[in-house]
Amino acid sequence: MTAASHSASPNQAPVVEPPPSRARLTAIGDVIGAPFKVILGYLGDHATMLGQSLAWLFRPPFRLKLFLEQMEFVGVGSLPIIILVGFFSGAVAAQQAIAALEIFGQERFVGATVGLSLAQELAPVFTALMITARAGSGMATELGSMRITEQIDALTTFAVNPVQYLVTPRIVATVLMMPIMTMVFNIVGLFGAYLYSIYLKDIDLGQFIEMYEYWTDPKDYVIGGVKAIVFGGALALAACYQGFNIRGGAKEVGLATTRAVVAGSVSVLVLDYFLIDAFHILWPAAK
Amino acid sequence: MTNDPNQVDTATADLTARDERWQLRIRGLHKSFGEHHVLRGVDLDLERGKTNIIIGGSGQGKSVLMKHLMGLLKPDAGHIWVDGQDIVPLGDVEMSHLRRKFGMVFQYAALFDSMNVVENIAFPLLERYKMSRDEIMERVRDLLGRLDLAGVSGIEQKFPAELSGGQRKRVGLARALIDRPQILLYDEPTTGLDPVATKNVDEMIRRTADDFGVTSVVISHDMASTFRIGDRVAMLHAGQIIANGTAAEVLKSTRPELREFIEISGLVPSSKGPEVRA
């Protein structure tokens with residue numbers, strides 16, 4: 001019995017303290033559980049924002065102009081960087097593939113190797129990383145600046161829901177533009193691989209095309225397209241969440257932008273792993 | 001009005017009925033952010049058609065109180081009646097309708113960076129009504145004229161970054177006034193302005209109250225401005241209203257927190273009313 005319960009008056013219920021071992025276990029549990037609580041809270045906040053954005057998508061007023069502006073920002077604005085990165089990614093993929101295939105004397109498979117890699121992996125992942133770096137950072141900075149200068153509060157005072165006005169168009173525009181940009185990446189990447197293989201490594205054009213046609217099919221592009229849609233939603237959500245929820249001053253805007261790029265990139269790569277697994281389960285024949 | 005400025009007016013006659021004198025009535029308002037208890041039972045009445053000033057030091061909860069008035073924040077406890085309607089339990093849609101009674105002028109204007117002056121001012125009309133472009137432009141130009149902005153070359157097409165601090169405040173005021181609100185909230189309108197610009201903004205607030213007949217609620221820690229334009233003054237300290245009354249009554253308050261505020265600001269009460277020492 002503890003000292004506390006000894007000192008209690010006869011009319012009072014004795015204070016029952018948990019045994020020290022249980023208190024210690026609770027404390028250890030709290031320490032171990034704290035990071036999980038933070039992660040669950042973080043995921044819950046993102047899920048709430050995504051839910052609100054989707055709910056507001058179907059409620060009037062519908063501001064088409066805002067969606068088109070964001071599609072232009074995410075799509076047209078990112079086109080130069082996607083073309084540049086796509087071209088060199090395709091060329092580098094061809095370089096590496098030929099280097100490996102040369103060992104077995106099978107360089108003719110370069111069209112198939114690069115085509116498959118681009119369609120399922122390189123194009124959606126690299127496009128998402130480029131859009132995160134360019135458009136995601138821009139979204140976080142813009143929303144963060146609007147938050148600290150009270151522009152988001154101002155929207156609310158005019159009875160405009162800020163999630164509907166600012167977040168929904170950004171997420172929808174990114175989801176819509178990502179598959180298109182991924183296809184651009186695919187086309188330009190194949191062109192880069194083609195130039196490198198045909199003109200620098202003297203691969204036969206007919207074999208390049210024949211192997212590409214034989215080993216890749218529309219299913220590979222569907223997989224890449226679905227990945228692009230999921231990545232688009234994730235990176236835009238991460239960017240909007242970071243920008244929309246900042247508190248503080250200009251320094252916080254910078255930090256929010258950094259967090260948006262890190263969170264967007266990490267979520268793209270983590271989701272990529274799980275999507276590959278999901279495709280293997282749902283679509284066993286997926287290459 | 002209370003005779004003793006140290007006492008909050010606690011008239012509790014039917015608060016749910018529209019009162020001819022008091023347009024906004026606040027009772028027992030509490031708000032905490034985590035461990036930080038910001039508002040600790042605010043009781044305050046704000047007079048219709050007058051300039052009501054809420055003073056207080058930094059971090060005393062003035063801006064938090066103002067955000068409650070427009071429903072931007074929900075209190076943990078307490079009530080706010082606007083023309084007899086309790087706004088605390090209102091949902092998003094009802095609150096959106098009620099907000100049409102309000103206009104808010106933010107500390108740094110909060111103009112939308114991506115829009116020019118006309119688009120900024122017209123924003124509430126474009127969002128709320130289906131009005132013709134000519135009608136909107138007529139109202140925008142009328143306000144630009146009344147707020148002495150019409151003479152600024154190319155003002156309509158300028159973006160916020162191209163405006164001076166005073167011009168931004170006026171454009172922010174024009175945006176708040178465009179939908180003809182009944183209640184105008186100003187969040188520290190003279191912060192960051194030089195003395196001349198401060199005096200101009202004071203005149204703008206005074207003139208707006210007279211010309212548009214709105215109830216003005218001004219959050220401020222600028223004592224000279226407060227006594228230049230305020231019809232009624234209330235002091236928020238440690239999350240509570242510790243003084244409330246007409247400007248002259250508040251100047252006579254014996255509350256040490258208020259006396260210190262007045263004396264440090266250089267204002268000396270006299271039998272003729274407030275004077276500015278320097």
# chains A, B, ... in the order shown; residues from 1 in each chain; ligands from 1

$ residues_around --residues "B:Arg228" --least-positions-apart "3" --cutoff "8 Å" --atoms "only C-alpha atoms" --output "list of chain:residue names"
B:Asp202, B:Ala224, B:Ser225

$ residues_around --residues "B:Ala174" --least-positions-apart "2" --cutoff "10 Å" --atoms "only C-alpha atoms" --output "PDB file with C-alpha atoms, in the first residue's frame"
ATOM      1  CA  GLY B 103     -17.616  43.435 -44.464  1.00  0.00           C
ATOM      2  CA  VAL B 105     -11.046  45.081 -43.723  1.00  0.00           C
ATOM      3  CA  VAL B 117      -8.036  46.182 -58.397  1.00  0.00           C
ATOM      4  CA  VAL B 118     -11.352  45.885 -60.241  1.00  0.00           C
ATOM      5  CA  ASN B 120     -10.612  42.368 -56.205  1.00  0.00           C
ATOM      6  CA  ILE B 121     -13.360  44.883 -55.495  1.00  0.00           C
ATOM      7  CA  ALA B 122     -15.924  43.103 -57.661  1.00  0.00           C
ATOM      8  CA  ARG B 139     -20.580  50.143 -58.372  1.00  0.00           C
ATOM      9  CA  VAL B 140     -16.813  49.627 -58.468  1.00  0.00           C
ATOM     10  CA  ARG B 141     -16.211  53.068 -60.013  1.00  0.00           C
ATOM     11  CA  ASP B 142     -18.615  54.711 -57.566  1.00  0.00           C
ATOM     12  CA  LEU B 143     -16.611  53.285 -54.649  1.00  0.00           C
ATOM     13  CA  LEU B 144     -13.258  54.172 -56.213  1.00  0.00           C
ATOM     14  CA  ARG B 146     -15.878  57.894 -52.908  1.00  0.00           C
ATOM     15  CA  LEU B 147     -12.655  56.483 -51.479  1.00  0.00           C
ATOM     16  CA  LEU B 149      -8.943  56.282 -55.611  1.00  0.00           C
ATOM     17  CA  ARG B 168      -4.211  48.815 -50.545  1.00  0.00           C
ATOM     18  CA  LYS B 169      -6.210  49.679 -47.426  1.00  0.00           C
ATOM     19  CA  ARG B 170      -8.653  51.712 -49.499  1.00  0.00           C
ATOM     20  CA  VAL B 171      -9.050  48.973 -52.086  1.00  0.00           C
ATOM     21  CA  GLY B 172      -9.587  46.512 -49.217  1.00  0.00           C
ATOM     22  CA  ALA B 176     -15.595  45.182 -48.031  1.00  0.00           C
ATOM     23  CA  LEU B 177     -18.161  47.873 -48.906  1.00  0.00           C
ATOM     24  CA  ILE B 178     -19.150  46.710 -52.396  1.00  0.00           C
ATOM     25  CA  ASP B 179     -21.982  44.474 -51.161  1.00  0.00           C
ATOM     26  CA  ARG B 180     -23.315  47.225 -48.890  1.00  0.00           C
TER      27      ARG B 180
END

$ residues_around --residues "stretch 239-253 of chain A" --least-positions-apart "4" --cutoff "10 Å" --atoms "only C-alpha atoms" --output "number ranges by chain"
A: 45-46, 49-50, 132, 135-149, 152, 162-163, 166-168, 170-171, 234-235, 257-264

$ residues_around --residues "A:Ala123" --least-positions-apart "3" --cutoff "7 Å" --atoms "only C-alpha atoms" --output "MDAnalysis selection string"
chainID A and resid 118:119 126:127 182 185:186

$ atom_distance --atom1 "atom CA of A:Thr26" --atom2 "atom CA of A:Leu43"
24.6 Å

$ closest_atom_pairs --of "chain B" --to "chain A" --cutoff "12 Å" --atoms "only C-alpha atoms" --output "tab-separated table"
residue	atom	partner	partner_atom	distance
B:Ser63	CA	A:Glu150	CA	12.0
B:Met66	CA	A:Thr157	CA	11.9
B:Lys67	CA	A:Asp153	CA	9.2
B:His68	CA	A:Thr157	CA	11.6
B:Leu69	CA	A:Thr157	CA	10.9
B:Met70	CA	A:Thr157	CA	7.2
B:Gly71	CA	A:Thr157	CA	8.6
B:Leu72	CA	A:Thr156	CA	7.3
B:Leu73	CA	A:Asp153	CA	10.4
B:Asp92	CA	A:Ala159	CA	8.8
B:Val93	CA	A:Ala159	CA	8.5
B:Glu94	CA	A:Ala159	CA	10.0
B:Met95	CA	A:Ala159	CA	8.0
B:Ser96	CA	A:Ala159	CA	4.7
B:His97	CA	A:Ala159	CA	7.4
B:Leu98	CA	A:Ala159	CA	9.0
B:Arg99	CA	A:Thr157	CA	6.5
B:Arg100	CA	A:Phe158	CA	7.3
B:Lys101	CA	A:Thr157	CA	10.3
B:Phe102	CA	A:Thr157	CA	7.9
B:Gly103	CA	A:Thr157	CA	7.4
B:Met104	CA	A:Thr157	CA	7.2
B:Val105	CA	A:Ala154	CA	8.8
B:Phe106	CA	A:Glu150	CA	7.5
B:Gln107	CA	A:Glu150	CA	8.7
B:Tyr108	CA	A:Thr149	CA	7.2
B:Ala109	CA	A:Glu150	CA	8.4
B:Ala110	CA	A:Gln151	CA	4.9
B:Leu111	CA	A:Gln151	CA	6.5
B:Phe112	CA	A:Gln151	CA	6.2
B:Asp113	CA	A:Met146	CA	8.4
B:Ser114	CA	A:Glu142	CA	10.1
B:Met115	CA	A:Gln151	CA	11.7
B:Asn120	CA	A:Ala154	CA	10.9
B:Ile121	CA	A:Phe158	CA	11.4
B:Ala122	CA	A:Phe158	CA	11.1
B:Phe123	CA	A:Phe158	CA	8.3
B:Pro124	CA	A:Phe158	CA	5.8
B:Leu125	CA	A:Phe158	CA	9.1
B:Leu126	CA	A:Phe158	CA	10.3
B:Glu127	CA	A:Val160	CA	7.5
B:Arg128	CA	A:Phe158	CA	8.2
B:Tyr129	CA	A:Pro61	CA	11.2
B:Lys130	CA	A:Pro61	CA	11.7
B:Gly172	CA	A:Ala154	CA	10.0
B:Arg175	CA	A:Phe158	CA	9.8
B:Ala176	CA	A:Phe158	CA	8.9
B:Leu177	CA	A:Phe158	CA	11.5
B:Ile178	CA	A:Phe158	CA	11.0
B:Asp179	CA	A:Phe158	CA	9.6
B:Pro181	CA	A:Phe158	CA	11.2
B:Leu184	CA	A:Thr157	CA	11.5
B:Leu185	CA	A:Thr157	CA	10.7
B:Asp187	CA	A:Glu150	CA	11.1

$ closest_residue --among "A:Leu64, A:Leu205, A:Ile229, A:Leu195" --to "A:Leu271" --atoms "only C-alpha atoms"
A:Ile229

$ decode --residues "stretch 16-65 of chain A" --atoms "N, CA and C atoms" --output "compact mmCIF listing (two decimals), in the first residue's frame"
# COMPACT_ATOMS: atom_id res chain seq x y z
N VAL A 16 -6.37 4.68 -5.09
CA VAL A 16 -5.71 3.46 -5.58
C VAL A 16 -4.77 3.85 -6.71
N GLU A 17 -3.53 3.68 -6.51
CA GLU A 17 -2.55 4.01 -7.55
C GLU A 17 -2.21 2.74 -8.32
N PRO A 18 -2.02 2.87 -9.63
CA PRO A 18 -1.65 1.67 -10.38
C PRO A 18 -0.30 1.17 -9.91
N PRO A 19 -0.11 -0.13 -9.94
CA PRO A 19 1.20 -0.65 -9.54
C PRO A 19 2.29 -0.05 -10.42
N PRO A 20 3.46 0.18 -9.84
CA PRO A 20 4.54 0.84 -10.59
C PRO A 20 4.84 0.15 -11.91
N SER A 21 4.76 -1.16 -11.92
CA SER A 21 5.11 -1.86 -13.17
C SER A 21 4.11 -1.50 -14.28
N ARG A 22 2.81 -1.38 -13.90
CA ARG A 22 1.80 -1.04 -14.92
C ARG A 22 2.01 0.40 -15.42
N ALA A 23 2.32 1.33 -14.48
CA ALA A 23 2.57 2.72 -14.86
C ALA A 23 3.74 2.80 -15.83
N ARG A 24 4.77 2.00 -15.53
CA ARG A 24 5.94 2.01 -16.41
C ARG A 24 5.56 1.49 -17.80
N LEU A 25 4.75 0.43 -17.82
CA LEU A 25 4.33 -0.14 -19.10
C LEU A 25 3.51 0.87 -19.90
N THR A 26 2.61 1.60 -19.18
CA THR A 26 1.80 2.63 -19.85
C THR A 26 2.69 3.70 -20.46
N ALA A 27 3.70 4.12 -19.66
CA ALA A 27 4.61 5.15 -20.15
C ALA A 27 5.37 4.67 -21.37
N ILE A 28 5.82 3.42 -21.32
CA ILE A 28 6.56 2.87 -22.47
C ILE A 28 5.62 2.79 -23.68
N GLY A 29 4.37 2.37 -23.41
CA GLY A 29 3.39 2.29 -24.49
C GLY A 29 3.16 3.64 -25.13
N ASP A 30 3.08 4.69 -24.28
CA ASP A 30 2.88 6.04 -24.81
C ASP A 30 4.03 6.46 -25.71
N VAL A 31 5.25 6.16 -25.26
CA VAL A 31 6.43 6.55 -26.03
C VAL A 31 6.45 5.81 -27.37
N ILE A 32 6.18 4.50 -27.31
CA ILE A 32 6.21 3.71 -28.56
C ILE A 32 5.05 4.11 -29.47
N GLY A 33 3.89 4.41 -28.86
CA GLY A 33 2.69 4.71 -29.66
C GLY A 33 2.66 6.10 -30.23
N ALA A 34 3.46 7.02 -29.64
CA ALA A 34 3.39 8.42 -30.07
C ALA A 34 3.59 8.60 -31.58
N PRO A 35 4.66 8.00 -32.16
CA PRO A 35 4.85 8.20 -33.61
C PRO A 35 3.67 7.68 -34.43
N PHE A 36 3.07 6.56 -34.00
CA PHE A 36 1.94 6.01 -34.74
C PHE A 36 0.74 6.95 -34.67
N LYS A 37 0.57 7.56 -33.45
CA LYS A 37 -0.52 8.53 -33.30
C LYS A 37 -0.33 9.68 -34.27
N VAL A 38 0.93 10.17 -34.35
CA VAL A 38 1.22 11.30 -35.24
C VAL A 38 0.93 10.91 -36.69
N ILE A 39 1.39 9.72 -37.08
CA ILE A 39 1.21 9.27 -38.47
C ILE A 39 -0.28 9.11 -38.79
N LEU A 40 -1.00 8.50 -37.85
CA LEU A 40 -2.44 8.30 -38.08
C LEU A 40 -3.17 9.64 -38.17
N GLY A 41 -2.78 10.57 -37.28
CA GLY A 41 -3.39 11.90 -37.31
C GLY A 41 -3.12 12.60 -38.64
N TYR A 42 -1.88 12.47 -39.13
CA TYR A 42 -1.45 13.08 -40.39
C TYR A 42 -2.25 12.50 -41.56
N LEU A 43 -2.37 11.17 -41.57
CA LEU A 43 -3.14 10.52 -42.64
C LEU A 43 -4.62 10.90 -42.55
N GLY A 44 -5.12 10.98 -41.32
CA GLY A 44 -6.52 11.36 -41.12
C GLY A 44 -6.81 12.76 -41.63
N ASP A 45 -5.88 13.69 -41.37
CA ASP A 45 -6.05 15.07 -41.85
C ASP A 45 -6.08 15.11 -43.38
N HIS A 46 -5.17 14.32 -44.00
CA HIS A 46 -5.14 14.28 -45.47
C HIS A 46 -6.44 13.70 -46.02
N ALA A 47 -6.90 12.61 -45.36
CA ALA A 47 -8.14 11.97 -45.83
C ALA A 47 -9.31 12.94 -45.71
N THR A 48 -9.34 13.73 -44.63
CA THR A 48 -10.41 14.71 -44.44
C THR A 48 -10.38 15.75 -45.56
N MET A 49 -9.17 16.24 -45.86
CA MET A 49 -9.07 17.26 -46.91
C MET A 49 -9.48 16.68 -48.27
N LEU A 50 -9.07 15.45 -48.53
CA LEU A 50 -9.45 14.81 -49.80
C LEU A 50 -10.97 14.64 -49.88
N GLY A 51 -11.56 14.20 -48.78
CA GLY A 51 -13.01 14.01 -48.73
C GLY A 51 -13.74 15.33 -48.97
N GLN A 52 -13.27 16.39 -48.32
CA GLN A 52 -13.91 17.70 -48.50
C GLN A 52 -13.79 18.17 -49.94
N SER A 53 -12.60 17.98 -50.52
CA SER A 53 -12.38 18.43 -51.90
C SER A 53 -13.32 17.71 -52.85
N LEU A 54 -13.45 16.40 -52.65
CA LEU A 54 -14.32 15.62 -53.55
C LEU A 54 -15.79 16.01 -53.35
N ALA A 55 -16.17 16.23 -52.08
CA ALA A 55 -17.56 16.61 -51.81
C ALA A 55 -17.88 17.96 -52.47
N TRP A 56 -16.94 18.90 -52.40
CA TRP A 56 -17.17 20.22 -52.98
C TRP A 56 -17.14 20.22 -54.50
N LEU A 57 -16.56 19.16 -55.08
CA LEU A 57 -16.50 19.07 -56.54
C LEU A 57 -17.90 19.00 -57.14
N PHE A 58 -18.84 18.39 -56.38
CA PHE A 58 -20.17 18.18 -56.93
C PHE A 58 -21.20 19.19 -56.42
N ARG A 59 -20.73 20.21 -55.71
CA ARG A 59 -21.67 21.22 -55.20
C ARG A 59 -21.46 22.55 -55.90
N PRO A 60 -22.55 23.21 -56.28
CA PRO A 60 -22.40 24.52 -56.92
C PRO A 60 -21.86 25.56 -55.92
N PRO A 61 -21.31 26.66 -56.39
CA PRO A 61 -21.12 27.03 -57.79
C PRO A 61 -19.95 26.29 -58.44
N PHE A 62 -20.08 26.05 -59.76
CA PHE A 62 -19.01 25.39 -60.49
C PHE A 62 -18.19 26.46 -61.20
N ARG A 63 -16.93 26.55 -60.85
CA ARG A 63 -16.08 27.61 -61.42
C ARG A 63 -15.10 26.98 -62.41
N LEU A 64 -15.56 26.79 -63.65
CA LEU A 64 -14.77 26.11 -64.67
C LEU A 64 -13.44 26.82 -64.91
N LYS A 65 -13.48 28.15 -64.83
CA LYS A 65 -12.27 28.94 -65.10
C LYS A 65 -11.11 28.53 -64.17
